[in-house]
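Participant: Okay, handing you the structure first.
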Amino acid sequence: MKHAAFLPRHALQILLDALSGEGYRVVGPRVRDGAILYEELRDVADLPAGWRDEQQPGQYRLERTDTQRSFAWAHGPQGIKPLVFRPRESLWRVHRSADGRMAFSASIPQDPPLAVIGARACDLAALELQDRHFLESIRDPSYAAHRAGLFIVAVHCTHPASTCFCVSTGDGPRAGKGFDLALSELDEGYLIEVGSERGAHIARMLPLQLSSDEQREQAEAEIAHAAALQTRQLPGTNLRDSLFANLDHPRWREVAERCLSCGNCTSVCPTCFCHAEQDLPSLDGQSAEHVRQWDSCFSEGHSTIHGIVIRAETGQRYRQWLTHKLGSWHDQYGRSGCVGCGRCITWCPVGIDLTEEARAICGPNGEGAT
């Protein structure tokens with residue numbers, strides 16, 4: 001943060017206007033239905049100023065505070081994932097012509113470029129993993145189209161939830177890369193860091209001032225304090241061998257007695273990419289649409305092959321999710337699929353804690369249960 005510039009609080013609207021003027025559709029955090037959600041944003045008055053989230057296993061609440069800050073909260077149920085890997089999306093269409101021939105056409109998104117305000121470090125780490133899957137392991141045209149026009153304004157996290165553990169995964173609370181601009185929010189305004197040429201272009205439109213030593217020191221101290229506040233942690237960054245050595249551990253049966261197989265954890269997880277595809281024919285039989293929509297390894301259909309459900313029991317499904325997320329992701333992408341956001345803990349209806357389950361199965365040091 002050595003060269004960060006300062007943007008007065010009243011000038012944040014100029015940033016939104018600059019992005020809109022460059023053709024971006026701007027989305028950012030807004031309070032709706034008792035949660036902080038990413039929605040279209042035109043005015044800074046729509047930001048959740050004075051709101052803070054209280055998160056516990058199976059609990060999420062918003063509460064009013066006397067702060068004027070707009071980003072003094074951890075995160076809501078959404079990450080960046082729904083903006084680039086859409087929950088439901090048409091992939092291609094087929095039409096029958098008058099002579100009976102079939103014509104296929106890809107459904108490539110034609111959305112305007114998108115700017116996201118308020119992305120957290122954990123979600124930037126998750127986006128990098130989504131990129132590896134949808135742009136490197138496979139080349140997904142729909143994801144690539146959404147991703148190409150994405151402009152990210154990150155905000156360093158200073159108010160983690162009690163369910164956060166990004167420090168133990170190495171993914172936060174500071175946003176280190178993957179952004180175009182990054183903000184540190186202070187009472188009087190924002191320190192701004194540039195992370196790309198696109199970010200520099202927008203920064204040149206802003207009434208930036210020199211930041212003071214005191215402002216930079218305060219911003220650094222608040223990020224460090226956010227890291228110190230985190231009490232949850234995984235027992236290690238690579239649990240692959242320990243998990244695979246404990247596939248018959250009794251804890252799988254114990255967690256199955258609580259797990260509802262609802263899939264909430266995979267829906268809010270910023271890295272899960274499981275999906276299903278289906279064909280939707282028109283009523284007249286002359287056309288059809290091939291649709292992709294989010295699925296979950298907790299659903300019965302996810303492991304159904306030729307009429308046989310491979311993972312028929314909840315314990316098997318939870319084991320599949322955890323061993324993949326914390327184990328075999330290392331084989332696929334060289335790291336864990338968990339970025340420490342803690343959403344799966346907060347939004348689990350029965351409050352199952354991934355860090356607790358990992359310790360129970362892998363031991364306190366990740367070297368095997370004792």
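Lettering and numbering for the structure tokens are positional, with chains as A, B, ... in the shown order, residues counted from 1 in each chain, and ligands counted from 1 in the shown order.
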Excluding Ala45 in chain A and its own-chain neighbours fewer than 3 positions away, which residues fall within 10 Å of it when counting only C-alpha atoms? Please give them as an mmCIF file with N, CA and C atoms, in the first residue's frame.

Facilitator:
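File written: around21.cif
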data_model
loop_
_atom_site.group_PDB
_atom_site.id
_atom_site.type_symbol
_atom_site.label_atom_id
_atom_site.label_comp_id
_atom_site.auth_asym_id
_atom_site.auth_seq_id
_atom_site.Cartn_x
_atom_site.Cartn_y
_atom_site.Cartn_z
ATOM 1 N N GLN A 13 -18.852 8.557 -5.576
ATOM 2 C CA GLN A 13 -19.822 8.570 -6.661
ATOM 3 C C GLN A 13 -19.142 8.796 -8.013
ATOM 4 N N ARG A 30 -25.848 -4.260 -1.786
ATOM 5 C CA ARG A 30 -27.051 -3.549 -1.355
ATOM 6 C C ARG A 30 -27.796 -4.434 -0.371
ATOM 7 N N LEU A 41 -26.073 -0.966 -9.235
ATOM 8 C CA LEU A 41 -25.722 0.147 -8.353
ATOM 9 C C LEU A 41 -25.510 1.400 -9.193
ATOM 10 N N ARG A 42 -26.272 2.443 -8.874
ATOM 11 C CA ARG A 42 -26.114 3.718 -9.578
ATOM 12 C C ARG A 42 -25.707 4.859 -8.653
ATOM 13 N N PRO A 48 -24.495 -0.313 1.565
ATOM 14 C CA PRO A 48 -24.943 -0.633 2.926
ATOM 15 C C PRO A 48 -24.186 0.132 4.012
ATOM 16 N N ALA A 49 -24.186 1.467 3.927
ATOM 17 C CA ALA A 49 -23.510 2.284 4.936
ATOM 18 C C ALA A 49 -24.184 2.082 6.289
ATOM 19 N N SER A 70 -19.258 2.010 4.356
ATOM 20 C CA SER A 70 -20.149 1.217 3.507
ATOM 21 C C SER A 70 -19.714 -0.230 3.354
#

Participant: Taking 2 positions as the minimum chain separation for residues in the same chain, which residues sit within 8 Å of Ile361 in chain A when counting only C-alpha atoms? Answer as an MDAnalysis selection string.

Facilitator: chainID A and resid 242:243 246 249 251 357:359 363 368:369

Participant: Smallest atom-to-atom distance to His10 in chain A: which of A:Leu208, A:Leu234, A:Met102, A:Val26, using only C-alpha atoms?

Facilitator: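 Closest candidate: A:Leu208.
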
Participant: Here is a test: counting only C-alpha atoms, which residue of A:Arg198, A:Arg69, A:His290, A:Arg174 is nearest to Leu12 in chain A?

Facilitator: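 That would be A:Arg69, the residue with the smallest distance to Leu12 in chain A.
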
Participant: Of the candidates A:Pro173, A:Gly79, A:Pro160, A:Pro270, which shows the shortest atom-to-atom distance to Glu54 in chain A, using only C-alpha atoms?

Facilitator: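 With only C-alpha atoms as the atom set, the closest residue is A:Pro160.
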
Participant: Which residue gives the smallest distance to Cys265 in chain A among A:Asp353, A:Asp331, A:Asp131, A:Glu188, with only C-alpha atoms counted?

Facilitator: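 Ranked by minimum distance to Cys265 in chain A, first place goes to A:Asp353.
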
Participant: Can you tell me which residues surround Asp111 in chain A at a distance of at most 10 Å, considering only C-alpha atoms, apart from same-chain residues fewer than 3 positions away, and format the answer as a list in words?

Facilitator: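 My reading of the contact set: Tyr24, Arg25, Ile108, Leu114, Ala145, His146 and Gly149 of chain A.
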
Participant: Give one line per residue of range 124-188 of chain A that approaches range 201-204 of chain A to at most 12 Å, naming the two atoms of the closest pair and their distance in Å to one decimal, counting only C-alpha atoms; sort by chain then ascending residue number and deliver it as a Markdown table.

Facilitator:
| residue | atom | partner | partner_atom | distance |
| --- | --- | --- | --- | --- |
| A:Phe151 | CA | A:Ile202 | CA | 10.4 |
| A:Ile152 | CA | A:Ile202 | CA | 11.5 |
| A:Val153 | CA | A:Ile202 | CA | 10.7 |
| A:Asp180 | CA | A:Ile202 | CA | 9.1 |
| A:Leu181 | CA | A:Ala203 | CA | 8.1 |
| A:Ala182 | CA | A:Ala203 | CA | 10.8 |
| A:Leu183 | CA | A:Ala203 | CA | 11.6 |

Participant: My list of candidates is A:Thr323, A:Thr314, A:Thr271, A:Thr237. Which is closest to Phe165 in chain A when distances are computed with only C-alpha atoms?

Facilitator: A:Thr237

Participant: What's around Glu356 in chain A at 12 Å? Count only C-alpha atoms, leave out sequence neighbours fewer than 6 positions away in its own chain, and write the answer as a PyMOL selection string.

Facilitator: chain A and resi 57+163+165+231-235+251+255+322+342+345+362-364+366

Participant: I need the residues in range 122-299 of chain A that are alpha helix (DSSP H) according to DSSP; give them as a PyMOL selection string.

Facilitator: chain A and resi 122-131+141-148+166-169+197-203+213-229+240-244+251-256+264-268

Participant: Enter the distance from CA of Asp33 in chain A to CA of Glu222 in chain A, in Å, rounded to one decimal.

Facilitator: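 It comes out at 29.2 Å.
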
Participant: When distances are computed from only C-alpha atoms, which of A:Cys122, A:Leu210, A:Ala224, A:Ala115 shows the smallest separation from Thr158 in chain A?

Facilitator: A:Ala224

Participant: Can you tell me, as a CSV table (one decimal) with all heavy atoms, in the first residue's frame, what residues are no more than 12 Å from Arg335 in chain A when counting only C-alpha atoms, ignoring any on the same chain fewer than 6 positions away?

Facilitator:
chain,number,residue,atom,x,y,z
A,125,ALA,N,-9.7,-15.0,-4.9
A,125,ALA,CA,-9.0,-16.3,-4.9
A,125,ALA,C,-9.9,-17.4,-5.6
A,125,ALA,O,-9.5,-18.2,-6.3
A,125,ALA,CB,-8.6,-16.8,-3.5
A,126,ALA,N,-11.2,-17.3,-5.3
A,126,ALA,CA,-12.2,-18.3,-5.8
A,126,ALA,C,-12.3,-18.0,-7.3
A,126,ALA,O,-12.4,-19.0,-8.1
A,126,ALA,CB,-13.5,-18.1,-5.1
A,128,GLU,N,-10.1,-17.0,-9.3
A,128,GLU,CA,-8.9,-17.5,-10.0
A,128,GLU,C,-9.1,-19.0,-10.2
A,128,GLU,O,-8.7,-19.6,-11.3
A,128,GLU,CB,-7.6,-17.3,-9.2
A,128,GLU,CG,-6.3,-17.8,-9.8
A,128,GLU,CD,-5.1,-17.5,-9.0
A,128,GLU,OE1,-5.2,-17.0,-7.8
A,128,GLU,OE2,-4.0,-17.8,-9.5
A,129,LEU,N,-9.6,-19.7,-9.2
A,129,LEU,CA,-9.9,-21.2,-9.4
A,129,LEU,C,-11.0,-21.4,-10.5
A,129,LEU,O,-10.9,-22.4,-11.2
A,129,LEU,CB,-10.3,-21.7,-8.0
A,129,LEU,CG,-9.2,-22.0,-7.1
A,129,LEU,CD1,-9.7,-22.3,-5.7
A,129,LEU,CD2,-8.3,-23.1,-7.5
A,132,ARG,N,-9.3,-21.2,-13.7
A,132,ARG,CA,-8.5,-22.4,-14.1
A,132,ARG,C,-9.4,-23.5,-14.6
A,132,ARG,O,-9.1,-24.2,-15.6
A,132,ARG,CB,-7.8,-22.9,-12.8
A,132,ARG,CG,-6.7,-22.0,-12.4
A,132,ARG,CD,-5.9,-22.7,-11.2
A,132,ARG,NE,-5.0,-21.8,-10.6
A,132,ARG,CZ,-4.3,-22.1,-9.5
A,132,ARG,NH1,-4.3,-23.3,-9.0
A,132,ARG,NH2,-3.5,-21.2,-8.9
A,169,THR,N,-6.1,-20.4,4.9
A,169,THR,CA,-6.0,-20.9,3.5
A,169,THR,C,-5.0,-20.0,2.7
A,169,THR,O,-4.7,-20.3,1.6
A,169,THR,CB,-7.4,-20.9,2.8
A,169,THR,OG1,-7.9,-19.6,2.7
A,169,THR,CG2,-8.4,-21.8,3.6
A,170,GLY,N,-4.6,-18.9,3.3
A,170,GLY,CA,-3.7,-18.0,2.6
A,170,GLY,C,-4.4,-17.1,1.6
A,170,GLY,O,-3.7,-16.6,0.7
A,171,ASP,N,-5.7,-16.8,1.7
A,171,ASP,CA,-6.4,-16.1,0.7
A,171,ASP,C,-6.9,-14.7,1.2
A,171,ASP,O,-7.6,-14.1,0.4
A,171,ASP,CB,-7.6,-16.9,0.2
A,171,ASP,CG,-7.1,-18.2,-0.5
A,171,ASP,OD1,-6.3,-18.1,-1.4
A,171,ASP,OD2,-7.5,-19.3,-0.1
A,236,GLY,N,-4.6,-27.7,8.0
A,236,GLY,CA,-3.5,-27.7,7.1
A,236,GLY,C,-3.9,-27.2,5.8
A,236,GLY,O,-5.1,-27.1,5.5
A,237,THR,N,-3.0,-26.8,4.9
A,237,THR,CA,-3.4,-26.3,3.6
A,237,THR,C,-3.5,-27.4,2.6
A,237,THR,O,-4.1,-27.2,1.5
A,237,THR,CB,-2.3,-25.3,3.1
A,237,THR,OG1,-1.0,-25.9,3.1
A,237,THR,CG2,-2.3,-24.0,3.9
A,238,ASN,N,-2.9,-28.6,2.8
A,238,ASN,CA,-3.0,-29.7,2.0
A,238,ASN,C,-3.4,-31.0,2.8
A,238,ASN,O,-2.6,-31.6,3.4
A,238,ASN,CB,-1.7,-30.0,1.2
A,238,ASN,CG,-1.9,-31.0,0.1
A,238,ASN,OD1,-2.9,-31.8,0.1
A,238,ASN,ND2,-0.9,-31.1,-0.8
A,239,LEU,N,-4.7,-31.3,2.7
A,239,LEU,CA,-5.2,-32.4,3.5
A,239,LEU,C,-5.5,-33.6,2.7
A,239,LEU,O,-6.2,-34.6,3.1
A,239,LEU,CB,-6.5,-32.0,4.2
A,239,LEU,CG,-6.4,-30.8,5.2
A,239,LEU,CD1,-7.8,-30.4,5.7
A,239,LEU,CD2,-5.4,-31.0,6.3
A,240,ARG,N,-5.0,-33.6,1.5
A,240,ARG,CA,-5.3,-34.7,0.5
A,240,ARG,C,-5.0,-36.1,1.1
A,240,ARG,O,-5.9,-37.0,1.1
A,240,ARG,CB,-4.5,-34.5,-0.8
A,240,ARG,CG,-4.7,-35.6,-1.8
A,240,ARG,CD,-3.7,-35.4,-3.0
A,240,ARG,NE,-3.9,-36.5,-4.0
A,240,ARG,CZ,-3.5,-37.7,-3.9
A,240,ARG,NH1,-2.8,-38.1,-2.8
A,240,ARG,NH2,-3.7,-38.6,-4.9
A,324,HIS,N,-13.2,-33.9,-2.1
A,324,HIS,CA,-12.8,-33.2,-3.4
A,324,HIS,C,-12.4,-31.8,-3.1
A,324,HIS,O,-11.3,-31.4,-3.5
A,324,HIS,CB,-14.1,-33.2,-4.3
A,324,HIS,CG,-13.8,-32.5,-5.6
A,324,HIS,ND1,-14.7,-31.8,-6.3
A,324,HIS,CD2,-12.7,-32.5,-6.4
A,324,HIS,CE1,-14.2,-31.4,-7.5
A,324,HIS,NE2,-13.0,-31.8,-7.5
A,325,LYS,N,-13.1,-31.1,-2.3
A,325,LYS,CA,-12.8,-29.7,-2.0
A,325,LYS,C,-11.5,-29.5,-1.3
A,325,LYS,O,-10.7,-28.6,-1.7
A,325,LYS,CB,-13.9,-29.1,-1.0
A,325,LYS,CG,-13.8,-27.6,-0.7
A,325,LYS,CD,-14.1,-26.8,-1.9
A,325,LYS,CE,-15.5,-27.0,-2.4
A,325,LYS,NZ,-15.8,-26.1,-3.6
A,326,LEU,N,-11.2,-30.3,-0.3
A,326,LEU,CA,-9.9,-30.2,0.4
A,326,LEU,C,-8.8,-31.1,0.0
A,326,LEU,O,-7.7,-31.0,0.4
A,326,LEU,CB,-10.2,-30.3,1.9
A,326,LEU,CG,-11.2,-29.4,2.5
A,326,LEU,CD1,-11.3,-29.6,4.0
A,326,LEU,CD2,-10.9,-27.9,2.2
A,327,GLY,N,-9.2,-32.1,-0.8
A,327,GLY,CA,-8.2,-33.2,-1.2
A,327,GLY,C,-7.8,-33.2,-2.7
A,327,GLY,O,-6.8,-32.7,-3.0
A,328,SER,N,-8.7,-33.7,-3.5
A,328,SER,CA,-8.4,-34.0,-4.9
A,328,SER,C,-8.3,-32.7,-5.7
A,328,SER,O,-7.8,-32.7,-6.9
A,328,SER,CB,-9.3,-35.0,-5.5
A,328,SER,OG,-10.7,-34.6,-5.4
A,329,TRP,N,-8.7,-31.5,-5.2
A,329,TRP,CA,-8.4,-30.3,-5.9
A,329,TRP,C,-6.9,-30.1,-6.1
A,329,TRP,O,-6.5,-29.4,-7.0
A,329,TRP,CB,-9.0,-29.1,-5.1
A,329,TRP,CG,-10.5,-28.8,-5.5
A,329,TRP,CD1,-11.6,-29.6,-5.2
A,329,TRP,CD2,-11.0,-27.7,-6.2
A,329,TRP,NE1,-12.7,-29.0,-5.6
A,329,TRP,CE2,-12.4,-27.8,-6.2
A,329,TRP,CE3,-10.4,-26.5,-6.7
A,329,TRP,CZ2,-13.2,-26.9,-6.8
A,329,TRP,CZ3,-11.2,-25.6,-7.3
A,329,TRP,CH2,-12.6,-25.8,-7.4

Participant: Which residues are close to Ala219 in chain A, i.e. within 10 Å by only C-alpha atoms, leaving aside same-chain residues fewer than 3 positions away? Reply as an NGL selection string.

Facilitator: :A and (1 or 156 or 158 or 183-186 or 190-191 or 213-216 or 222-225)

Participant: Can you check which residues of range 66-315 of chain A DSSP gives as strand (DSSP E or B) on the backbone and send them as a ChimeraX atom specification?

Facilitator: /A:88-96,102-106,114-119,150-155,181-186,189-194,209-210,275-281,287-294,304-305,308-309

Participant: Please write the residues from the selection above to a file, keeping C-alpha atoms, as a CSV table (one decimal), in the first residue's frame.

Facilitator:
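Saved the output as part_21.csv:
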chain,number,residue,atom,x,y,z
A,88,ARG,CA,-29.0,-21.0,-15.2
A,89,GLU,CA,-27.9,-20.3,-18.7
A,90,SER,CA,-28.7,-21.4,-22.3
A,91,LEU,CA,-25.7,-23.0,-24.0
A,92,TRP,CA,-27.2,-23.6,-27.5
A,93,ARG,CA,-30.4,-23.9,-29.4
A,94,VAL,CA,-31.7,-26.0,-32.3
A,95,HIS,CA,-34.4,-25.2,-34.8
A,96,ARG,CA,-36.1,-27.4,-37.4
A,102,MET,CA,-31.9,-29.2,-38.0
A,103,ALA,CA,-29.9,-26.0,-37.5
A,104,PHE,CA,-27.8,-25.5,-34.3
A,105,SER,CA,-26.6,-22.2,-32.9
A,106,ALA,CA,-24.5,-21.4,-29.9
A,114,LEU,CA,-19.7,-5.6,-15.8
A,115,ALA,CA,-18.0,-3.8,-13.0
A,116,VAL,CA,-18.2,-5.3,-9.5
A,117,ILE,CA,-17.7,-3.1,-6.4
A,118,GLY,CA,-16.8,-4.6,-3.1
A,119,ALA,CA,-15.2,-7.9,-4.0
A,150,LEU,CA,-15.4,-8.1,-15.8
A,151,PHE,CA,-13.9,-5.1,-14.0
A,152,ILE,CA,-13.2,-5.7,-10.3
A,153,VAL,CA,-13.1,-3.1,-7.5
A,154,ALA,CA,-11.9,-5.1,-4.5
A,155,VAL,CA,-12.2,-3.9,-0.9
A,181,LEU,CA,-8.7,-1.4,-8.3
A,182,ALA,CA,-8.6,-2.1,-4.6
A,183,LEU,CA,-9.9,0.0,-1.8
A,184,SER,CA,-9.1,0.4,1.8
A,185,GLU,CA,-12.0,2.1,3.6
A,186,LEU,CA,-11.3,4.7,6.2
A,189,GLY,CA,-12.5,8.1,2.5
A,190,TYR,CA,-10.6,5.4,0.6
A,191,LEU,CA,-7.0,4.5,-0.2
A,192,ILE,CA,-6.9,3.2,-3.8
A,193,GLU,CA,-4.4,0.8,-5.3
A,194,VAL,CA,-4.2,0.1,-9.1
A,209,GLN,CA,-5.0,13.0,-3.5
A,210,LEU,CA,-1.7,12.0,-1.9
A,275,HIS,CA,-23.8,-28.4,-12.9
A,276,ALA,CA,-26.4,-30.3,-14.8
A,277,GLU,CA,-27.6,-29.9,-18.4
A,278,GLN,CA,-31.0,-30.5,-19.9
A,279,ASP,CA,-32.9,-30.0,-23.2
A,280,LEU,CA,-36.1,-28.0,-23.1
A,281,PRO,CA,-38.1,-28.7,-26.3
A,287,SER,CA,-37.1,-26.1,-31.5
A,288,ALA,CA,-35.2,-26.8,-28.3
A,289,GLU,CA,-32.9,-25.1,-25.9
A,290,HIS,CA,-29.9,-26.8,-24.2
A,291,VAL,CA,-29.6,-25.3,-20.7
A,292,ARG,CA,-27.0,-25.6,-18.0
A,293,GLN,CA,-27.9,-25.0,-14.4
A,294,TRP,CA,-26.1,-25.3,-11.1
A,304,THR,CA,-27.1,-41.2,-11.0
A,305,ILE,CA,-25.6,-43.2,-13.9
A,308,ILE,CA,-28.1,-46.3,-10.5
A,309,VAL,CA,-27.4,-43.8,-7.7

Participant: Can you tell me how far CA of Trp252 in chain A sits from CA of Pro77 in chain A, in Å to one decimal?

Facilitator: 26.0 Å
